[in-house]
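Trainee: Here's a structure for you.
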Amino acid sequence: MIEGVEAEALARRFGTPLYAYSKALIRARWEELVAAFPAGSLIGYAVKANSNPAILSLLARWGAGAELVSGGELALALKAGFQPPKIVFSGVGKTQAEMRAGIRKGILAFNVESEEELSLLIKTARGMGRRARVSIRVNPAIAISTHPHIATATARSKFGVSPREALRLSLRAARDPSLSFVGLHSHLGSQIFEARPYERESRILADLARTLSSRGIPVKLLDFGGGFGVDESGRRRFPLESVSRVLSRAAGSLSGPARLAVEPGRFLVAESGTLLTRLLYRKETIGRRLLVVDAGMNDFVRPALYGARHAILPARRRPGPRTPVDVAGPVCESADFLARGMRLPPLEPGDVLAILNAGAYGFSMGSNYNSRPRPAEVLVDGREVRLIRRRQSGAELLGCYP
Ligand code: LLP
């Protein structure tokens with residue numbers, strides 16, 4: 001069931017592959033975050049996790065802010081109703097057009113990641129006769145135990161600048177008449193399940209903030225990024241209370257306390273999303289049993305890209321012993337597996353399978369590889385179902401070519 005609706009009925013009505021989201025689960029995670037952080041904190045949803053407009057407007061309506069990384073995400077967030085004073089813009093490669101769009105709308109902060117970016121932002125704001133608000137993104141060089149692709153604050157990472165460089169850039173930003181200095185930002189990476197790295201991060205940012213305020217520059221915002229883990233198979237839980245305690249303490253420890261910001265993406269939407277797919281064929285290969293389904297790595301890349309082990313369940317209970325099988329997609333790539341060694345009961349072609357916790361970085365990382373159309377998405381609210389993105393048609397695929 002997805003809330004009050006049978007998964008199999010959804011697959012029949014909308015076809016597969018299909019992303020189905022539970023509204024109640026997004027709401028529950030949102031309420032958990034609001035309860036965990038001090039009143040007045042900015043909870044900026046990382047739009048990249050899932051940028052479906054219907055999901056964005058729910059979060060905007062409930063009062064979330066947004067963290068975004070492109071002009072496209074800015075346009076989507078504004079259209080969904082996020083207020084510019086609750087929007088922060090990160091990313092190592094912002095273009096001047098993206099800067100202009102953000103300045104024009106008066107967003108809360110550009111999280112600036114290099115000196116050259118700072119120079120271009122100054123030039124752009126000056127040219128527009130406006131002030132741009134700026135935070136400096138710090139790389140605190142903290143290794144976390146997660147997949148290397150999603151650790152963003154190690155010494156070798158491309159994001160942010162060293163604390164020393166951050167001090168220099170903050171001083172420059174605070175003195176420039178075309179900028180308003182807002183604060184400090186960092187983001188450790190994704191799929192974190194311990195409070196310890198956040199403690200180290202908050203100490204580094206708070207120390208830097210104290211140095212700045214001793215030079216007469218108040219830090220108004222301490223933005224600690226996201227990374228709140230959601231276990232793909234539901235075993236581990238993120239220690240939200242301890243992380244919130246650590247971060248609140250750091251923000252409150254400054255003379256003239258800073259506003260606290262966090263940027264959770266996955267935490268809000270991962271569990272709400274299920275990817276429904278249909279079994280096409282069963283086959284035996286050398287020494288293994290294989291299920292070939294109609295969703296591939298173009299629909300859901302996390303298993304292939306990060307070795308993520310998302311739980312898979314048959315939509316309808318099937319009798320019989322659960323034995324290990326590999327679940328492969330139809331894409332012509334050897335990496336195109338949704339699971340390896342998943343224990344499943346005997347299944348028949350046509351059966352619907354549900355890939356769990358697929359609401360974050362699922363659809364949003366999809367592609368048209370193998371010229372496959374993008375899947376449909378539905379939002380379930382109790383017994384109500386709303387189509388929130390049509391399945392891409394063949395005509396739309398052909399329509400891109402002049
Ligand atoms: N803030 C910044 C600056 C970020 O770069 C990210 C994610 C977030 C917040 C949100 O992180 P979250 O709370 O969702 O962990 N595609 C990968 C995850 C890449 C995340 C990139 N940045 C995956 O599927 O695991």
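Identifiers in the structure tokens: chain A, B, ... in order shown; residue index from 1 per chain; ligand index from 1 in order shown.
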Go through segment 99-340 of chain A and collect every residue that DSSP, computed from the backbone, puts in strand (DSSP E or B); the answer should be as a compact mmCIF listing (two decimals) with N, CA, C and O atoms, in the first residue's frame.
Mentor:
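The result, written out as selection_31.txt:
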# COMPACT_ATOMS: atom_id res chain seq x y z
N ALA A 109 20.96 34.33 0.47
CA ALA A 109 22.42 34.27 0.37
C ALA A 109 22.88 33.44 -0.82
O ALA A 109 22.30 32.40 -1.13
N PHE A 110 23.93 33.94 -1.47
CA PHE A 110 24.73 33.11 -2.36
C PHE A 110 25.80 32.47 -1.50
O PHE A 110 26.52 33.20 -0.79
N ASN A 111 25.90 31.17 -1.50
CA ASN A 111 26.98 30.50 -0.78
C ASN A 111 28.18 30.47 -1.72
O ASN A 111 28.27 29.63 -2.60
N VAL A 112 29.09 31.44 -1.52
CA VAL A 112 30.19 31.63 -2.47
C VAL A 112 31.31 30.64 -2.18
O VAL A 112 31.67 30.42 -1.03
N ALA A 132 24.24 42.17 -3.33
CA ALA A 132 24.03 40.72 -3.25
C ALA A 132 24.38 40.27 -1.84
O ALA A 132 25.36 40.74 -1.26
N ARG A 133 23.57 39.37 -1.29
CA ARG A 133 23.86 38.84 0.05
C ARG A 133 24.73 37.58 -0.09
O ARG A 133 24.47 36.75 -0.96
N VAL A 134 25.72 37.49 0.80
CA VAL A 134 26.74 36.47 0.62
C VAL A 134 27.07 35.71 1.90
O VAL A 134 27.24 36.31 2.95
N SER A 135 27.15 34.40 1.79
CA SER A 135 27.80 33.58 2.81
C SER A 135 29.01 32.95 2.14
O SER A 135 29.01 32.72 0.93
N ILE A 136 30.02 32.63 2.93
CA ILE A 136 31.18 31.96 2.36
C ILE A 136 31.11 30.48 2.73
O ILE A 136 30.87 30.13 3.88
N ARG A 137 31.31 29.63 1.70
CA ARG A 137 31.27 28.18 1.96
C ARG A 137 32.65 27.68 2.38
O ARG A 137 33.63 27.82 1.64
N VAL A 138 32.68 27.10 3.55
CA VAL A 138 33.93 26.62 4.14
C VAL A 138 34.05 25.12 3.87
O VAL A 138 33.08 24.38 4.00
N ALA A 151 30.82 12.39 -0.31
CA ALA A 151 31.53 13.10 0.76
C ALA A 151 31.99 14.42 0.16
O ALA A 151 32.78 14.43 -0.79
N VAL A 161 36.08 26.64 0.45
CA VAL A 161 37.47 27.06 0.58
C VAL A 161 37.92 26.75 2.01
O VAL A 161 37.09 26.57 2.90
N LEU A 179 28.07 44.21 -1.69
CA LEU A 179 27.67 42.96 -1.03
C LEU A 179 27.19 43.22 0.39
O LEU A 179 27.57 44.21 1.01
N SER A 180 26.34 42.31 0.89
CA SER A 180 26.04 42.26 2.32
C SER A 180 26.54 40.92 2.81
O SER A 180 26.13 39.88 2.27
N PHE A 181 27.37 40.93 3.82
CA PHE A 181 27.90 39.67 4.34
C PHE A 181 26.87 39.07 5.30
O PHE A 181 26.43 39.71 6.25
N VAL A 182 26.48 37.82 5.01
CA VAL A 182 25.44 37.17 5.81
C VAL A 182 26.04 36.19 6.82
O VAL A 182 25.70 36.21 8.00
N GLY A 183 26.92 35.31 6.34
CA GLY A 183 27.45 34.33 7.28
C GLY A 183 28.31 33.26 6.64
O GLY A 183 28.93 33.46 5.59
N LEU A 184 28.32 32.09 7.28
CA LEU A 184 29.19 30.99 6.87
C LEU A 184 28.35 29.76 6.56
O LEU A 184 27.31 29.53 7.19
N HIS A 185 28.84 28.99 5.60
CA HIS A 185 28.13 27.80 5.15
C HIS A 185 29.11 26.64 5.03
O HIS A 185 30.29 26.87 4.74
N GLY A 189 28.42 16.37 3.38
CA GLY A 189 28.22 15.25 2.47
C GLY A 189 26.87 14.63 2.78
O GLY A 189 26.09 15.21 3.53
N ILE A 192 24.87 10.65 6.26
CA ILE A 192 25.61 10.67 7.52
C ILE A 192 24.67 10.12 8.60
O ILE A 192 23.47 10.42 8.59
N LEU A 221 24.25 34.30 10.00
CA LEU A 221 23.69 32.99 9.64
C LEU A 221 24.80 31.93 9.68
O LEU A 221 25.86 32.12 9.10
N LEU A 222 24.55 30.84 10.38
CA LEU A 222 25.46 29.68 10.32
C LEU A 222 24.69 28.55 9.66
O LEU A 222 23.73 28.02 10.23
N ASP A 223 25.10 28.21 8.45
CA ASP A 223 24.39 27.22 7.65
C ASP A 223 25.23 25.95 7.58
O ASP A 223 26.31 25.94 6.98
N PHE A 228 21.56 14.54 6.33
CA PHE A 228 20.85 13.70 7.30
C PHE A 228 20.48 12.37 6.63
O PHE A 228 19.67 12.32 5.70
N ARG A 259 21.65 33.00 13.45
CA ARG A 259 20.52 32.17 13.07
C ARG A 259 21.06 30.85 12.53
O ARG A 259 22.07 30.84 11.81
N LEU A 260 20.40 29.78 12.87
CA LEU A 260 20.83 28.45 12.45
C LEU A 260 20.13 28.07 11.14
O LEU A 260 18.94 28.30 10.99
N ALA A 261 20.89 27.51 10.21
CA ALA A 261 20.27 26.99 8.99
C ALA A 261 20.75 25.57 8.73
O ALA A 261 21.90 25.23 9.00
N VAL A 262 19.87 24.74 8.22
CA VAL A 262 20.23 23.40 7.75
C VAL A 262 19.58 23.19 6.38
O VAL A 262 18.62 23.88 6.04
N GLY A 273 8.98 8.07 -1.12
CA GLY A 273 8.93 7.65 -2.53
C GLY A 273 9.17 6.17 -2.74
O GLY A 273 10.07 5.56 -2.16
N THR A 274 8.34 5.56 -3.58
CA THR A 274 8.49 4.16 -3.96
C THR A 274 8.53 4.10 -5.47
O THR A 274 7.72 4.74 -6.14
N LEU A 275 9.48 3.35 -6.00
CA LEU A 275 9.52 3.17 -7.45
C LEU A 275 8.87 1.83 -7.78
O LEU A 275 9.33 0.78 -7.31
N LEU A 276 7.80 1.88 -8.55
CA LEU A 276 7.10 0.66 -8.94
C LEU A 276 7.57 0.22 -10.32
O LEU A 276 7.66 1.03 -11.24
N THR A 277 7.87 -1.05 -10.42
CA THR A 277 8.37 -1.58 -11.68
C THR A 277 7.76 -2.96 -11.90
O THR A 277 7.35 -3.62 -10.95
N ARG A 278 7.68 -3.38 -13.16
CA ARG A 278 7.06 -4.67 -13.45
C ARG A 278 8.10 -5.68 -13.89
O ARG A 278 9.05 -5.32 -14.62
N LEU A 279 7.93 -6.91 -13.44
CA LEU A 279 8.85 -7.98 -13.84
C LEU A 279 8.57 -8.36 -15.29
O LEU A 279 7.44 -8.69 -15.67
N LEU A 280 9.63 -8.29 -16.12
CA LEU A 280 9.48 -8.67 -17.53
C LEU A 280 9.84 -10.15 -17.72
O LEU A 280 9.05 -10.92 -18.24
N TYR A 281 11.03 -10.52 -17.31
CA TYR A 281 11.52 -11.89 -17.57
C TYR A 281 12.31 -12.42 -16.38
O TYR A 281 12.93 -11.65 -15.66
N ARG A 282 12.27 -13.76 -16.25
CA ARG A 282 13.17 -14.41 -15.30
C ARG A 282 14.19 -15.17 -16.12
O ARG A 282 13.85 -15.71 -17.17
N LYS A 283 15.42 -15.17 -15.68
CA LYS A 283 16.39 -16.01 -16.40
C LYS A 283 17.48 -16.51 -15.47
O LYS A 283 17.73 -15.92 -14.43
N GLU A 284 18.10 -17.60 -15.89
CA GLU A 284 19.24 -18.14 -15.14
C GLU A 284 20.47 -17.77 -15.94
O GLU A 284 20.51 -17.99 -17.15
N THR A 285 21.45 -17.18 -15.26
CA THR A 285 22.74 -17.01 -15.94
C THR A 285 23.71 -17.91 -15.22
O THR A 285 23.32 -18.69 -14.38
N ARG A 288 23.64 -17.78 -11.33
CA ARG A 288 22.77 -16.82 -10.63
C ARG A 288 21.39 -16.80 -11.25
O ARG A 288 21.22 -17.10 -12.44
N ARG A 289 20.44 -16.34 -10.41
CA ARG A 289 19.09 -16.15 -10.94
C ARG A 289 18.86 -14.66 -11.08
O ARG A 289 19.22 -13.86 -10.23
N LEU A 290 18.24 -14.32 -12.19
CA LEU A 290 18.13 -12.91 -12.56
C LEU A 290 16.67 -12.56 -12.83
O LEU A 290 15.95 -13.32 -13.47
N LEU A 291 16.24 -11.41 -12.32
CA LEU A 291 14.94 -10.87 -12.68
C LEU A 291 15.19 -9.63 -13.53
O LEU A 291 15.95 -8.76 -13.12
N VAL A 292 14.55 -9.57 -14.69
CA VAL A 292 14.69 -8.37 -15.53
C VAL A 292 13.40 -7.57 -15.41
O VAL A 292 12.31 -8.10 -15.68
N VAL A 293 13.52 -6.32 -14.97
CA VAL A 293 12.33 -5.49 -14.73
C VAL A 293 12.31 -4.31 -15.70
O VAL A 293 13.28 -4.07 -16.41
N ILE A 312 13.64 -4.10 -1.73
CA ILE A 312 12.66 -4.35 -2.80
C ILE A 312 11.62 -5.35 -2.28
O ILE A 312 11.99 -6.37 -1.68
N LEU A 313 10.36 -5.04 -2.50
CA LEU A 313 9.29 -5.94 -2.07
C LEU A 313 8.36 -6.21 -3.24
O LEU A 313 8.13 -5.33 -4.06
N PRO A 314 7.79 -7.43 -3.30
CA PRO A 314 6.71 -7.63 -4.28
C PRO A 314 5.50 -6.83 -3.82
O PRO A 314 5.22 -6.76 -2.61
N THR A 323 14.60 -16.44 -1.87
CA THR A 323 15.96 -16.84 -2.28
C THR A 323 16.64 -15.64 -2.95
O THR A 323 15.97 -14.77 -3.49
N PRO A 324 17.98 -15.61 -2.91
CA PRO A 324 18.68 -14.45 -3.46
C PRO A 324 18.61 -14.38 -4.98
O PRO A 324 18.85 -15.38 -5.67
N VAL A 325 18.24 -13.21 -5.48
CA VAL A 325 18.22 -12.97 -6.94
C VAL A 325 18.83 -11.60 -7.21
O VAL A 325 18.87 -10.74 -6.34
N ASP A 326 19.29 -11.43 -8.44
CA ASP A 326 19.73 -10.11 -8.87
C ASP A 326 18.58 -9.49 -9.66
O ASP A 326 17.88 -10.18 -10.41
N VAL A 327 18.37 -8.18 -9.47
CA VAL A 327 17.30 -7.49 -10.18
C VAL A 327 17.95 -6.51 -11.15
O VAL A 327 18.63 -5.57 -10.73
N ALA A 328 17.76 -6.76 -12.45
CA ALA A 328 18.42 -5.95 -13.47
C ALA A 328 17.40 -5.16 -14.26
O ALA A 328 16.24 -5.57 -14.39
N PHE A 337 21.87 -2.59 -12.61
CA PHE A 337 21.20 -3.45 -11.63
C PHE A 337 20.48 -2.58 -10.62
O PHE A 337 20.97 -1.51 -10.25
N LEU A 338 19.31 -3.01 -10.17
CA LEU A 338 18.61 -2.30 -9.10
C LEU A 338 18.93 -2.95 -7.76
O LEU A 338 18.80 -2.34 -6.71
N ALA A 339 19.34 -4.21 -7.80
CA ALA A 339 19.74 -4.89 -6.57
C ALA A 339 20.52 -6.14 -6.94
O ALA A 339 20.31 -6.72 -8.02
N ARG A 340 21.39 -6.54 -6.04
CA ARG A 340 22.10 -7.81 -6.20
C ARG A 340 21.88 -8.62 -4.94
O ARG A 340 21.93 -8.08 -3.84
Trainee: Collect all residues with atoms no farther than 6 Å from ligand 1, counting only C-alpha atoms and all ligand atoms, and output them as a list in words.
Mentor: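 Listing the residues within 6 Å of ligand 1 gives Ala46, Ala49, Ser90, Ile150, His187, Ser190, Gln191, Gly225, Gly226, Gly227, Phe228, Glu263, Pro264, Gly265, Arg266, Arg302 and Tyr361 of chain A.
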Trainee: Looking at A:Leu208, A:Ala195, A:Val5, A:Leu120, which one is nearest to Val243 of chain A, with distances taken over only C-alpha atoms?
Mentor: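 Smallest distance to Val243 of chain A is found for A:Ala195.
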Trainee: Rank A:Arg13, A:Arg200, A:Arg374, A:Arg249 by their smallest atom-to-atom distance to Gly296 of chain A, using only C-alpha atoms, and report the top residue only.
Mentor: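 Checking each candidate against Gly296 of chain A, we get A:Arg374 as the closest.
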Trainee: Do you have the atom CA of Ala295 of chain A-atom CA of Ala7 of chain A distance handy?
Mentor: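 Atom CA of Ala7 of chain A lies 15.4 Å from atom CA of Ala295 of chain A.
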Trainee: Between atom CA of Ile355 of chain A and atom CA of Glu194 of chain A, measure the distance and give it in Å to one decimal.
Mentor: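 Atom-to-atom, atom CA of Ile355 of chain A to atom CA of Glu194 of chain A, that is 25.6 Å.
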Trainee: Using only C-alpha atoms for the distances, tell me which of A:Pro140, A:Glu3, A:Arg196, A:Gly93 is nearest to Ser22 of chain A.
Mentor: A:Glu3
Trainee: Write down as number ranges by chain the residues of segment 155-255 of chain A whose backbone DSSP state falls under helix (DSSP H, G or I).
Mentor: A: 163-175, 196-214, 240-252
Trainee: Excluding same-chain residues fewer than 4 positions from segment 56-70 of chain A, what lies within 8 Å of it counting only C-alpha atoms, as a list in words?
Mentor: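 Contacts, with the query itself left out: Leu42, Ile43, Gly44, Tyr45, Ala46, Val47, Lys48, Ser51, Asn52, Leu74, Ala77, Ala80, Gly81, Phe82, Gln83, Lys86, Ile87, Val88, Phe89, Ser90, Gly91, Lys94, Glu98 and Glu263 of chain A.
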Trainee: Any idea what's packed within 10 Å of Met297 of chain A, counting only C-alpha atoms, ignoring anything in its chain fewer than 2 positions away? Could you give it as a ChimeraX atom specification?
Mentor: /A:295,299-305,328-333,335-338,362,365-367,369
Trainee: Using only C-alpha atoms for the distances, tell me which of A:Ile103, A:Ala308, A:Val92, A:Ala206 is nearest to Arg126 of chain A.
Mentor: A:Ile103
Trainee: Residues within 10 Å of Glu396 of chain A, please, as a list of chain:residue names. Count only C-alpha atoms; anything in the same chain fewer than 5 positions from it doesn't count.
Mentor: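 These residues fall inside the cut-off: A:Pro373, A:Arg391, A:Tyr401.
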Trainee: Output all heavy atoms of each residue in that selection to a file, as a short mmCIF file (atom, residue, chain, number, x, y, z; two decimals), in the first residue's frame.
Mentor:
data_model
loop_
_atom_site.label_atom_id
_atom_site.label_comp_id
_atom_site.auth_asym_id
_atom_site.auth_seq_id
_atom_site.Cartn_x
_atom_site.Cartn_y
_atom_site.Cartn_z
N PRO A 373 11.90 7.08 -22.21
CA PRO A 373 11.16 8.22 -21.69
C PRO A 373 11.25 8.29 -20.17
O PRO A 373 11.41 7.27 -19.51
CB PRO A 373 9.73 7.96 -22.14
CG PRO A 373 9.66 6.49 -22.37
CD PRO A 373 11.03 6.04 -22.78
N ARG A 391 3.99 10.70 -17.78
CA ARG A 391 5.08 9.94 -18.39
C ARG A 391 5.47 10.64 -19.68
O ARG A 391 4.60 11.13 -20.42
CB ARG A 391 4.60 8.51 -18.70
CG ARG A 391 5.65 7.57 -19.26
CD ARG A 391 5.09 6.16 -19.44
NE ARG A 391 4.48 5.68 -18.19
CZ ARG A 391 5.18 5.26 -17.13
NH1 ARG A 391 6.49 5.22 -17.19
NH2 ARG A 391 4.57 4.88 -16.04
N TYR A 401 14.60 17.58 -31.18
CA TYR A 401 15.53 17.70 -32.30
C TYR A 401 14.99 18.65 -33.37
O TYR A 401 13.87 18.49 -33.82
CB TYR A 401 15.79 16.32 -32.90
CG TYR A 401 16.25 15.33 -31.84
CD1 TYR A 401 15.38 14.38 -31.33
CD2 TYR A 401 17.54 15.42 -31.32
CE1 TYR A 401 15.78 13.50 -30.34
CE2 TYR A 401 17.94 14.54 -30.33
CZ TYR A 401 17.06 13.59 -29.84
OH TYR A 401 17.46 12.75 -28.85
#
Trainee: Rank A:Asn298, A:Ser119, A:Gly160, A:Arg210 by their smallest atom-to-atom distance to Asp176 of chain A, using only C-alpha atoms, and report the top residue only.
Mentor: A:Ser119
